[in-house]
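Pasting work_21.cif here (mmCIF, C-alpha atoms):
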```
data_query
#
loop_
_atom_site.group_PDB
_atom_site.id
_atom_site.type_symbol
_atom_site.label_atom_id
_atom_site.label_comp_id
_atom_site.auth_asym_id
_atom_site.auth_seq_id
_atom_site.Cartn_x
_atom_site.Cartn_y
_atom_site.Cartn_z
ATOM 1 C CA ILE K 3 96.473 84.802 100.248
ATOM 2 C CA GLY K 4 94.483 87.390 102.154
ATOM 3 C CA ALA K 5 91.300 86.633 100.192
ATOM 4 C CA LEU K 6 91.538 82.898 100.871
ATOM 5 C CA VAL K 7 92.290 83.443 104.561
ATOM 6 C CA VAL K 8 89.469 85.929 105.110
ATOM 7 C CA GLY K 9 87.109 83.572 103.302
ATOM 8 C CA GLY K 10 87.872 80.966 105.941
ATOM 9 C CA SER K 11 87.440 83.573 108.662
ATOM 10 C CA ASP K 12 84.053 84.615 107.281
ATOM 11 C CA PHE K 13 82.914 81.007 107.163
ATOM 12 C CA ALA K 14 83.934 80.398 110.780
ATOM 13 C CA GLY K 15 82.153 83.549 111.913
ATOM 14 C CA GLY K 16 79.067 82.776 109.845
ATOM 15 C CA TYR K 17 78.968 79.219 111.131
ATOM 16 C CA ALA K 18 79.125 80.461 114.741
ATOM 17 C CA ALA K 19 76.394 83.038 114.000
ATOM 18 C CA ARG K 20 73.987 80.150 113.369
ATOM 19 C CA ARG K 21 74.381 79.149 117.022
ATOM 20 C CA THR K 22 74.364 82.544 118.726
ATOM 21 C CA SER K 23 73.768 86.235 118.018
ATOM 22 C CA PRO K 24 75.663 87.577 114.976
ATOM 23 C CA PHE K 25 76.384 90.731 116.979
ATOM 24 C CA ARG K 26 78.050 88.755 119.760
ATOM 25 C CA VAL K 27 80.011 86.821 117.163
ATOM 26 C CA THR K 28 81.218 90.098 115.686
ATOM 27 C CA VAL K 29 82.438 91.241 119.122
ATOM 28 C CA TRP K 30 84.529 88.141 119.648
ATOM 29 C CA VAL K 31 85.946 88.041 116.125
ATOM 30 C CA GLN K 32 86.861 91.728 116.169
ATOM 31 C CA ALA K 33 88.426 91.455 119.635
ATOM 32 C CA ALA K 34 90.527 88.466 118.580
ATOM 33 C CA SER K 35 91.533 90.351 115.435
ATOM 34 C CA LEU K 36 92.614 93.353 117.523
ATOM 35 C CA ALA K 37 94.721 91.123 119.766
ATOM 36 C CA GLY K 38 96.425 89.580 116.751
ATOM 37 C CA LEU K 39 97.128 92.980 115.194
ATOM 38 C CA ILE K 40 98.595 94.355 118.418
ATOM 39 C CA VAL K 41 100.972 91.400 118.621
ATOM 40 C CA GLY K 42 101.897 91.855 114.967
ATOM 41 C CA GLY K 43 102.463 95.553 115.537
ATOM 42 C CA PHE K 44 105.493 94.782 117.688
ATOM 43 C CA PHE K 45 107.203 93.173 114.707
ATOM 44 C CA VAL K 46 106.341 95.732 112.007
ATOM 45 C CA ALA K 47 108.128 99.077 111.973
ATOM 46 C CA ALA K 48 106.061 102.262 111.826
ATOM 47 C CA PRO K 49 108.525 105.150 111.291
ATOM 48 C CA ALA K 50 105.903 107.773 110.450
ATOM 49 C CA VAL K 51 102.154 107.598 111.112
ATOM 50 C CA ARG K 52 100.362 110.453 109.329
ATOM 51 C CA THR K 53 97.044 112.057 110.154
ATOM 52 C CA THR K 54 95.706 110.494 106.964
ATOM 53 C CA ASP K 55 96.622 107.041 108.266
ATOM 54 C CA ILE K 56 94.730 107.682 111.494
ATOM 55 C CA VAL K 57 91.645 108.992 109.687
ATOM 56 C CA ALA K 58 91.749 106.011 107.303
ATOM 57 C CA GLY K 59 91.847 103.684 110.295
ATOM 58 C CA LEU K 60 88.874 105.441 111.897
ATOM 59 C CA VAL K 61 86.804 105.303 108.707
ATOM 60 C CA GLY K 62 87.815 101.724 107.963
ATOM 61 C CA GLY K 63 86.986 100.637 111.507
ATOM 62 C CA ALA K 64 83.494 102.104 111.391
ATOM 63 C CA ALA K 65 82.838 100.532 107.975
ATOM 64 C CA ALA K 66 84.155 97.125 109.018
ATOM 65 C CA THR K 67 82.021 97.084 112.169
ATOM 66 C CA PHE K 68 78.702 97.209 110.356
ATOM 67 C CA SER K 69 79.986 95.091 107.464
ATOM 68 C CA PHE K 70 80.840 92.094 109.617
ATOM 69 C CA ALA K 71 77.631 92.381 111.637
ATOM 70 C CA ALA K 72 75.589 92.473 108.408
ATOM 71 C CA LEU K 73 77.556 89.611 106.853
ATOM 72 C CA TYR K 74 77.235 87.297 109.844
ATOM 73 C CA ARG K 75 73.529 88.095 110.107
ATOM 74 C CA ALA K 76 73.128 87.245 106.417
ATOM 75 C CA PHE K 77 75.063 83.985 106.860
ATOM 76 C CA SER K 78 72.829 83.061 109.782
ATOM 77 C CA GLU K 79 69.717 83.450 107.613
ATOM 78 C CA GLY K 80 70.695 81.831 104.322
ATOM 79 C CA GLN K 81 73.037 79.696 102.277
ATOM 80 C CA ILE K 82 76.621 80.810 102.886
ATOM 81 C CA SER K 83 77.814 79.604 99.475
ATOM 82 C CA LEU K 84 75.416 82.069 97.809
ATOM 83 C CA LEU K 85 75.708 85.029 100.134
ATOM 84 C CA ALA K 86 79.523 85.194 100.210
ATOM 85 C CA PRO K 87 79.767 85.835 96.442
ATOM 86 C CA THR K 88 77.030 88.469 96.724
ATOM 87 C CA ALA K 89 79.117 90.357 99.280
ATOM 88 C CA ALA K 90 82.191 89.882 97.113
ATOM 89 C CA ILE K 91 80.642 91.461 94.031
ATOM 90 C CA SER K 92 79.466 94.417 96.090
ATOM 91 C CA SER K 93 82.898 94.856 97.676
ATOM 92 C CA GLY K 94 84.761 94.667 94.353
ATOM 93 C CA VAL K 95 82.743 96.969 92.101
ATOM 94 C CA LEU K 96 83.180 100.289 93.961
ATOM 95 C CA PRO K 97 86.999 100.170 94.331
ATOM 96 C CA VAL K 98 87.343 99.192 90.653
ATOM 97 C CA PHE K 99 85.235 102.203 89.660
ATOM 98 C CA VAL K 100 87.261 104.536 91.904
ATOM 99 C CA GLY K 101 90.509 103.180 90.468
ATOM 100 C CA LEU K 102 89.318 103.868 86.943
ATOM 101 C CA VAL K 103 88.233 107.403 87.863
ATOM 102 C CA ARG K 104 91.711 108.015 89.271
ATOM 103 C CA GLY K 105 93.192 106.992 85.938
ATOM 104 C CA GLU K 106 95.089 103.939 87.162
ATOM 105 C CA SER K 107 96.925 102.105 84.399
ATOM 106 C CA ILE K 108 96.058 98.408 84.073
ATOM 107 C CA SER K 109 97.505 96.073 81.466
ATOM 108 C CA ILE K 110 95.395 94.040 79.047
ATOM 109 C CA VAL K 111 96.325 90.842 80.855
ATOM 110 C CA ASN K 112 95.264 92.387 84.168
ATOM 111 C CA TRP K 113 91.925 93.408 82.634
ATOM 112 C CA VAL K 114 91.394 89.854 81.462
ATOM 113 C CA GLY K 115 92.067 88.722 85.019
ATOM 114 C CA VAL K 116 89.569 91.233 86.411
ATOM 115 C CA ILE K 117 86.873 90.040 83.992
ATOM 116 C CA VAL K 118 87.622 86.387 84.754
ATOM 117 C CA ALA K 119 87.450 87.133 88.487
ATOM 118 C CA PHE K 120 84.013 88.751 88.229
ATOM 119 C CA ALA K 121 82.855 85.837 86.069
ATOM 120 C CA ALA K 122 84.108 83.472 88.760
ATOM 121 C CA ILE K 123 82.227 85.326 91.495
ATOM 122 C CA THR K 124 79.045 85.293 89.395
ATOM 123 C CA LEU K 125 79.271 81.570 88.667
ATOM 124 C CA VAL K 126 80.021 80.636 92.256
ATOM 125 C CA SER K 127 76.821 82.416 93.311
ATOM 126 C CA GLN K 128 74.545 80.396 91.002
ATOM 127 C CA SER K 129 71.672 78.457 92.586
ATOM 128 C CA LYS K 130 68.333 76.935 91.538
ATOM 129 C CA ALA K 131 66.875 76.538 95.012
ATOM 130 C CA LYS K 132 63.220 77.582 95.232
ATOM 131 C CA LEU K 133 61.100 79.034 98.018
ATOM 132 C CA GLY K 134 60.566 76.446 100.755
ATOM 133 C CA GLU K 135 63.490 74.261 99.699
ATOM 134 C CA PRO K 136 66.333 73.658 102.198
ATOM 135 C CA ASP K 137 68.828 75.721 100.196
ATOM 136 C CA HIS K 138 66.454 78.642 99.578
ATOM 137 C CA THR K 139 67.790 82.015 100.711
ATOM 138 C CA GLU K 140 65.442 84.918 101.408
ATOM 139 C CA PRO K 141 65.976 88.262 99.578
ATOM 140 C CA ARG K 142 66.625 89.939 102.946
ATOM 141 C CA ALA K 143 69.807 87.890 103.367
ATOM 142 C CA PHE K 144 71.056 88.961 99.920
ATOM 143 C CA VAL K 145 70.414 92.612 100.811
ATOM 144 C CA LEU K 146 72.397 92.230 104.030
ATOM 145 C CA ALA K 147 75.256 90.585 102.128
ATOM 146 C CA ALA K 148 75.288 93.410 99.562
ATOM 147 C CA ILE K 149 75.362 96.004 102.348
ATOM 148 C CA ALA K 150 78.239 94.145 103.979
ATOM 149 C CA GLY K 151 80.131 94.149 100.682
ATOM 150 C CA ALA K 152 79.655 97.903 100.289
ATOM 151 C CA GLY K 153 81.110 98.383 103.756
ATOM 152 C CA PHE K 154 84.105 96.219 102.881
ATOM 153 C CA ALA K 155 84.607 98.349 99.764
ATOM 154 C CA LEU K 156 84.789 101.457 101.940
ATOM 155 C CA PHE K 157 87.275 99.656 104.180
ATOM 156 C CA PHE K 158 89.428 98.812 101.137
ATOM 157 C CA LEU K 159 89.314 102.406 99.904
ATOM 158 C CA ALA K 160 90.440 103.584 103.338
ATOM 159 C CA LEU K 161 93.395 101.181 103.286
ATOM 160 C CA ALA K 162 94.442 102.529 99.889
ATOM 161 C CA GLU K 163 94.943 105.972 101.444
ATOM 162 C CA THR K 164 97.451 104.766 104.041
ATOM 163 C CA SER K 165 101.246 105.009 103.916
ATOM 164 C CA ASP K 166 103.825 102.227 104.004
ATOM 165 C CA ASN K 167 105.465 104.027 106.926
ATOM 166 C CA ALA K 168 102.394 103.616 109.130
ATOM 167 C CA GLY K 169 103.040 99.933 109.769
ATOM 168 C CA LEU K 170 99.980 98.150 111.104
ATOM 169 C CA TRP K 171 98.623 101.201 112.892
ATOM 170 C CA PRO K 172 95.787 101.882 110.408
ATOM 171 C CA LEU K 173 94.483 98.367 111.099
ATOM 172 C CA ILE K 174 95.010 98.608 114.850
ATOM 173 C CA ILE K 175 93.158 101.927 114.933
ATOM 174 C CA SER K 176 90.326 100.463 112.876
ATOM 175 C CA ARG K 177 89.864 97.693 115.429
ATOM 176 C CA LEU K 178 90.154 100.094 118.370
ATOM 177 C CA VAL K 179 87.174 101.836 116.793
ATOM 178 C CA SER K 180 85.159 98.782 115.787
ATOM 179 C CA VAL K 181 85.400 96.752 119.001
ATOM 180 C CA PRO K 182 83.781 99.325 121.352
ATOM 181 C CA ILE K 183 81.072 100.108 118.790
ATOM 182 C CA VAL K 184 80.066 96.502 118.276
ATOM 183 C CA VAL K 185 80.194 95.825 122.040
ATOM 184 C CA VAL K 186 77.684 98.614 122.612
ATOM 185 C CA ILE K 187 75.483 97.326 119.779
ATOM 186 C CA ALA K 188 75.607 93.734 121.046
ATOM 187 C CA ILE K 189 74.716 94.745 124.619
ATOM 188 C CA ALA K 190 71.938 97.046 123.432
ATOM 189 C CA LEU K 191 70.349 94.387 121.203
ATOM 190 C CA THR K 192 71.077 91.149 123.064
ATOM 191 C CA GLY K 193 71.846 92.149 126.656
ATOM 192 C CA ASN K 194 75.441 90.849 126.787
ATOM 193 C CA VAL K 195 78.379 89.659 124.655
ATOM 194 C CA SER K 196 78.602 86.085 125.928
ATOM 195 C CA VAL K 197 78.802 83.214 123.435
ATOM 196 C CA PRO K 198 78.641 79.435 123.990
ATOM 197 C CA THR K 199 81.952 77.867 124.955
ATOM 198 C CA SER K 200 81.632 75.446 122.048
ATOM 199 C CA VAL K 201 81.925 78.202 119.416
ATOM 200 C CA ARG K 202 84.728 80.209 121.014
ATOM 201 C CA PRO K 203 87.607 78.306 119.345
ATOM 202 C CA ALA K 204 86.071 79.023 115.930
ATOM 203 C CA LEU K 205 85.800 82.714 116.814
ATOM 204 C CA TYR K 206 89.426 82.884 117.969
ATOM 205 C CA VAL K 207 90.527 81.321 114.696
ATOM 206 C CA ALA K 208 88.247 83.632 112.719
ATOM 207 C CA GLY K 209 89.648 86.706 114.462
ATOM 208 C CA VAL K 210 93.302 85.827 113.997
ATOM 209 C CA ALA K 211 92.672 84.820 110.371
ATOM 210 C CA GLU K 212 90.840 88.096 109.783
ATOM 211 C CA ALA K 213 93.815 90.015 111.203
ATOM 212 C CA LEU K 214 96.237 88.178 108.894
ATOM 213 C CA ALA K 215 93.976 88.770 105.900
ATOM 214 C CA ASN K 216 93.746 92.472 106.682
ATOM 215 C CA VAL K 217 97.524 92.749 106.846
ATOM 216 C CA CYS K 218 97.723 91.188 103.388
ATOM 217 C CA ALA K 219 95.006 93.543 102.128
ATOM 218 C CA LEU K 220 96.783 96.562 103.623
ATOM 219 C CA TYR K 221 99.985 95.844 101.727
ATOM 220 C CA ALA K 222 98.081 94.997 98.538
ATOM 221 C CA PHE K 223 96.106 98.249 98.511
ATOM 222 C CA GLN K 224 99.168 100.317 99.401
ATOM 223 C CA ARG K 225 101.257 98.918 96.570
ATOM 224 C CA GLY K 226 99.025 97.695 93.748
ATOM 225 C CA PRO K 227 96.447 99.277 91.442
ATOM 226 C CA LEU K 228 93.184 99.751 93.331
ATOM 227 C CA ALA K 229 91.102 97.861 90.770
ATOM 228 C CA VAL K 230 93.379 94.803 90.796
ATOM 229 C CA ALA K 231 93.731 94.679 94.579
ATOM 230 C CA ALA K 232 89.967 95.007 95.016
ATOM 231 C CA VAL K 233 89.109 92.177 92.635
ATOM 232 C CA ILE K 234 91.675 89.835 94.162
ATOM 233 C CA SER K 235 90.371 90.647 97.644
ATOM 234 C CA ALA K 236 86.854 89.898 96.372
ATOM 235 C CA LEU K 237 87.825 86.293 95.642
ATOM 236 C CA PHE K 238 87.290 85.341 99.286
ATOM 237 C CA PRO K 239 84.077 83.382 98.474
ATOM 238 C CA VAL K 240 86.192 80.618 96.944
ATOM 239 C CA SER K 241 87.383 79.358 100.324
ATOM 240 C CA THR K 242 84.055 80.240 101.986
ATOM 241 C CA VAL K 243 82.084 78.208 99.432
ATOM 242 C CA LEU K 244 84.445 75.236 99.620
ATOM 243 C CA LEU K 245 84.271 75.195 103.417
ATOM 244 C CA ALA K 246 80.481 75.432 103.262
ATOM 245 C CA ARG K 247 80.541 72.380 100.994
ATOM 246 C CA LEU K 248 82.897 70.394 103.224
ATOM 247 C CA VAL K 249 81.525 71.326 106.649
ATOM 248 C CA LEU K 250 77.851 72.121 106.055
ATOM 249 C CA ASP K 251 77.385 69.867 103.021
ATOM 250 C CA GLU K 252 76.026 72.765 100.953
ATOM 251 C CA ARG K 253 75.918 71.271 97.472
ATOM 252 C CA LEU K 254 77.893 72.898 94.660
ATOM 253 C CA ARG K 255 76.511 72.774 91.143
ATOM 254 C CA ARG K 256 78.680 72.400 88.048
ATOM 255 C CA GLU K 257 78.579 76.144 87.373
ATOM 256 C CA GLN K 258 79.890 76.821 90.873
ATOM 257 C CA TRP K 259 82.813 74.436 90.416
ATOM 258 C CA ILE K 260 83.628 76.201 87.137
ATOM 259 C CA GLY K 261 83.576 79.472 89.086
ATOM 260 C CA VAL K 262 86.093 78.092 91.561
ATOM 261 C CA GLY K 263 88.356 77.104 88.668
ATOM 262 C CA LEU K 264 88.060 80.550 87.068
ATOM 263 C CA ALA K 265 88.924 82.169 90.382
ATOM 264 C CA LEU K 266 92.160 80.197 90.519
ATOM 265 C CA LEU K 267 92.893 81.278 86.936
ATOM 266 C CA ALA K 268 92.190 84.937 87.684
ATOM 267 C CA VAL K 269 94.826 85.207 90.414
ATOM 268 C CA PRO K 270 97.933 84.822 88.204
ATOM 269 C CA LEU K 271 96.357 86.949 85.468
ATOM 270 C CA VAL K 272 95.871 89.991 87.687
ATOM 271 C CA ALA K 273 99.260 89.442 89.315
ATOM 272 C CA VAL K 274 101.179 89.835 86.046
ATOM 273 C CA PRO K 275 103.175 93.126 86.181
#
```
Could you write out this file's structure as structure tokens?
Amino acid sequence: IGALVVGGSDFAGGYAARRTSPFRVTVWVQAASLAGLIVGGFFVAAPAVRTTDIVAGLVGGAAATFSFAALYRAFSEGQISLLAPTAAISSGVLPVFVGLVRGESISIVNWVGVIVAFAAITLVSQSKAKLGEPDHTEPRAFVLAAIAGAGFALFFLALAETSDNAGLWPLIISRLVSVPIVVVIAIALTGNVSVPTSVRPALYVAGVAEALANVCALYAFQRGPLAVAAVISALFPVSTVLLARLVLDERLRREQWIGVGLALLAVPLVAVP
């Protein structure tokens, strides 16, 4: 659920970043996310917040700040349906490796799901666009997407260190860190944080959706094997790619549709106990 929701959030933010500064977009999305998390915090008990939870929130907030700025900048420069899977692969590989190093036990069926999920991400990212064609995406945009994915991986690893008893505080702390940082960056680079009125509804939706997705990710990384949670979270390009097709008319090739189907197959496979 979280992966599909955050995919929609990323699309909305990336779409808005084509009309204004990606840094300003990040400010608004992160601020809306913080507001949503604060509201949610009133309904989720937090009996014991540890120092580790606070540190994880600080680290996760710093990582998320630069990840979203890099992702929205990438989306503003290239084809969203290609760049989202690039970020996904980058965000999924590191947590899987860390989970294996920790000796996490994963069933054969789960491993099949992990492999199918990576195959899905790879297929969804296929393109034959050439330099100068409308769908061509510059290498710089792919690098930015990969950097964003690495930052998301660090955010996921931070969430995995938190306790169930911390409630939503690790996420709230992460946003209390990220919002001031990205405000300073946006003002330094663009002069202000204002965005056109026409894109604000999309940014509100993106922020609230991002908050909901992070809550889902928090519970997933606290309770499930790191490798499985990471791969499932990396399936967010499915909704991003589909929205890019519906809203921006970015064409999907047969291989990409197969990737979408494999992604849907991977979810129940990795969810098997």
Which residues would end up in the selection if the PyMOL selection byres ((chain K and resi 206) around 9) were applied here, given that I need the answer as a VMD selection string? chain K and resid 30 to 31 33 to 35 201 to 205 207 to 211
Residues just named, written with C-alpha atoms as a CSV table (one decimal), in the coordinates of the input:
```
chain,number,residue,atom,x,y,z
K,30,TRP,CA,84.5,88.1,119.6
K,31,VAL,CA,85.9,88.0,116.1
K,33,ALA,CA,88.4,91.5,119.6
K,34,ALA,CA,90.5,88.5,118.6
K,35,SER,CA,91.5,90.4,115.4
K,201,VAL,CA,81.9,78.2,119.4
K,202,ARG,CA,84.7,80.2,121.0
K,203,PRO,CA,87.6,78.3,119.3
K,204,ALA,CA,86.1,79.0,115.9
K,205,LEU,CA,85.8,82.7,116.8
K,207,VAL,CA,90.5,81.3,114.7
K,208,ALA,CA,88.2,83.6,112.7
K,209,GLY,CA,89.6,86.7,114.5
K,210,VAL,CA,93.3,85.8,114.0
K,211,ALA,CA,92.7,84.8,110.4
```
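Of the listed residues K:Val197, K:Ala213, K:Ala147, K:Leu84, the one whose atoms come nearest to Arg20 (chain K) is K:Val197, with distances taken using all atoms listed in the file.
Across the model, the gap from CA of Ile91 (chain K) to CA of Gly261 (chain K) is 13.3 Å.
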Using all atoms listed in the file and a cutoff of 9 Å, can you tell me which residues are near (89.0, 102.4, 106.3) in the file's coordinates, and write them out as a ChimeraX atom specification? /K:57-66,154-163,172-173,176
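The residue that comes closest to Ala19 (chain K), out of K:Leu125, K:Ala236, K:Val230, K:Leu73 and on the basis of all atoms listed in the file, is K:Leu73.
The coordinates place CA of Ala215 (chain K) at 16.7 Å from CA of Leu228 (chain K).
Restricting the calculation to only C-alpha atoms, the smallest distance between Leu267 (chain K) and any of K:Leu244, K:Val186, K:Val118, K:Ala37 is found for K:Val118.
Atom pair CA of Pro141 (chain K) / CA of Phe77 (chain K): separated by 12.4 Å.
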Env of Glu106 (chain K): 9 Å cut, atoms = all atoms listed in the file, seq-sep filter 2 positions within chain, self excluded. Answer as number ranges by chain. K: 101-104, 108, 227-229
Would you mind exporting the chosen residues as a compact mmCIF listing (two decimals), in the frame of the given file, restricted to C-alpha atoms?
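Result written to result-v2.txt:
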```
# COMPACT_ATOMS: atom_id res chain seq x y z
CA GLY K 101 90.51 103.18 90.47
CA LEU K 102 89.32 103.87 86.94
CA VAL K 103 88.23 107.40 87.86
CA ARG K 104 91.71 108.02 89.27
CA ILE K 108 96.06 98.41 84.07
CA PRO K 227 96.45 99.28 91.44
CA LEU K 228 93.18 99.75 93.33
CA ALA K 229 91.10 97.86 90.77
```
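With all atoms listed in the file as the atoms that count, the residue of K:Ala122, K:Ala268, K:Phe25, K:Ser235 with the shortest distance to Cys218 (chain K) is K:Ser235.
If only C-alpha atoms are the atoms counted, then among K:Pro182, K:Gly80, K:Gly105, K:Pro87 the closest residue to Phe120 (chain K) is K:Pro87.
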Between K:Gly42, K:Gly10, K:Gly151, K:Gly16, which has the minimum distance to Ala76 (chain K) (counting all atoms listed in the file)? K:Gly16
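Residues in contact range of Ile149 (chain K), defined as at most 8 Å between all atoms listed in the file, with sequence neighbours fewer than 4 positions away removed, read K:Ser69, K:Ala72, K:Ala89, K:Ser92, K:Val145, K:Gly153.
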Select, counting all atoms listed in the file, all protein, DNA and RNA residues no farther than 12 Å from (74.1, 89.9, 124.7) in file coordinates, and express the selection as a PyMOL selection string. chain K and resi 22-30+184-198
Skip Ala231 (chain K) itself and residues of its chain fewer than 6 positions away, then list as a list in words all residues within 9 Å of it, counting only C-alpha atoms. Gly94, Pro97, Val98, Phe158, Ala219, Ala222, Phe223, Arg225 and Val272 of chain K
Can you turn the PyMOL selection byres ((chain K and resi 169) around 6) into a concrete residue list for this file, as a PyMOL selection string? chain K and resi 46-48+167-168+170-171
Reconstruct region 183-199 of chain K at the level of N, CA and C atoms, and format the result as a PDB file, in the frame of the given file.
```pdb
ATOM      1  N   ILE K 183      82.367  99.882 119.441  1.00  0.00           N
ATOM      2  CA  ILE K 183      81.072 100.108 118.790  1.00  0.00           C
ATOM      3  C   ILE K 183      80.234  98.840 118.787  1.00  0.00           C
ATOM      4  N   VAL K 184      80.843  97.742 118.389  1.00  0.00           N
ATOM      5  CA  VAL K 184      80.066  96.502 118.276  1.00  0.00           C
ATOM      6  C   VAL K 184      79.726  95.943 119.656  1.00  0.00           C
ATOM      7  N   VAL K 185      80.534  96.238 120.673  1.00  0.00           N
ATOM      8  CA  VAL K 185      80.194  95.825 122.040  1.00  0.00           C
ATOM      9  C   VAL K 185      78.920  96.539 122.493  1.00  0.00           C
ATOM     10  N   VAL K 186      78.875  97.834 122.243  1.00  0.00           N
ATOM     11  CA  VAL K 186      77.684  98.614 122.612  1.00  0.00           C
ATOM     12  C   VAL K 186      76.456  98.092 121.868  1.00  0.00           C
ATOM     13  N   ILE K 187      76.613  97.826 120.573  1.00  0.00           N
ATOM     14  CA  ILE K 187      75.483  97.326 119.779  1.00  0.00           C
ATOM     15  C   ILE K 187      75.009  95.971 120.299  1.00  0.00           C
ATOM     16  N   ALA K 188      75.965  95.075 120.574  1.00  0.00           N
ATOM     17  CA  ALA K 188      75.607  93.734 121.046  1.00  0.00           C
ATOM     18  C   ALA K 188      74.878  93.790 122.383  1.00  0.00           C
ATOM     19  N   ILE K 189      75.359  94.631 123.309  1.00  0.00           N
ATOM     20  CA  ILE K 189      74.716  94.745 124.619  1.00  0.00           C
ATOM     21  C   ILE K 189      73.327  95.362 124.482  1.00  0.00           C
ATOM     22  N   ALA K 190      73.224  96.376 123.620  1.00  0.00           N
ATOM     23  CA  ALA K 190      71.938  97.046 123.432  1.00  0.00           C
ATOM     24  C   ALA K 190      70.888  96.112 122.834  1.00  0.00           C
ATOM     25  N   LEU K 191      71.304  95.240 121.916  1.00  0.00           N
ATOM     26  CA  LEU K 191      70.349  94.387 121.203  1.00  0.00           C
ATOM     27  C   LEU K 191      70.146  93.016 121.842  1.00  0.00           C
ATOM     28  N   THR K 192      71.170  92.514 122.525  1.00  0.00           N
ATOM     29  CA  THR K 192      71.077  91.149 123.064  1.00  0.00           C
ATOM     30  C   THR K 192      71.268  91.064 124.576  1.00  0.00           C
ATOM     31  N   GLY K 193      71.702  92.150 125.201  1.00  0.00           N
ATOM     32  CA  GLY K 193      71.846  92.149 126.656  1.00  0.00           C
ATOM     33  C   GLY K 193      73.234  91.865 127.166  1.00  0.00           C
ATOM     34  N   ASN K 194      74.065  91.147 126.374  1.00  0.00           N
ATOM     35  CA  ASN K 194      75.441  90.849 126.787  1.00  0.00           C
ATOM     36  C   ASN K 194      76.248  90.421 125.566  1.00  0.00           C
ATOM     37  N   VAL K 195      77.515  90.071 125.771  1.00  0.00           N
ATOM     38  CA  VAL K 195      78.379  89.659 124.655  1.00  0.00           C
ATOM     39  C   VAL K 195      78.842  88.213 124.804  1.00  0.00           C
ATOM     40  N   SER K 196      78.203  87.468 125.688  1.00  0.00           N
ATOM     41  CA  SER K 196      78.602  86.085 125.928  1.00  0.00           C
ATOM     42  C   SER K 196      78.220  85.186 124.755  1.00  0.00           C
ATOM     43  N   VAL K 197      79.086  84.212 124.468  1.00  0.00           N
ATOM     44  CA  VAL K 197      78.802  83.214 123.435  1.00  0.00           C
ATOM     45  C   VAL K 197      79.047  81.835 124.022  1.00  0.00           C
ATOM     46  N   PRO K 198      78.411  80.796 123.483  1.00  0.00           N
ATOM     47  CA  PRO K 198      78.641  79.435 123.990  1.00  0.00           C
ATOM     48  C   PRO K 198      80.108  79.033 123.914  1.00  0.00           C
ATOM     49  N   THR K 199      80.553  78.309 124.918  1.00  0.00           N
ATOM     50  CA  THR K 199      81.952  77.867 124.955  1.00  0.00           C
ATOM     51  C   THR K 199      82.315  77.057 123.724  1.00  0.00           C
TER      52      THR K 199
END
```
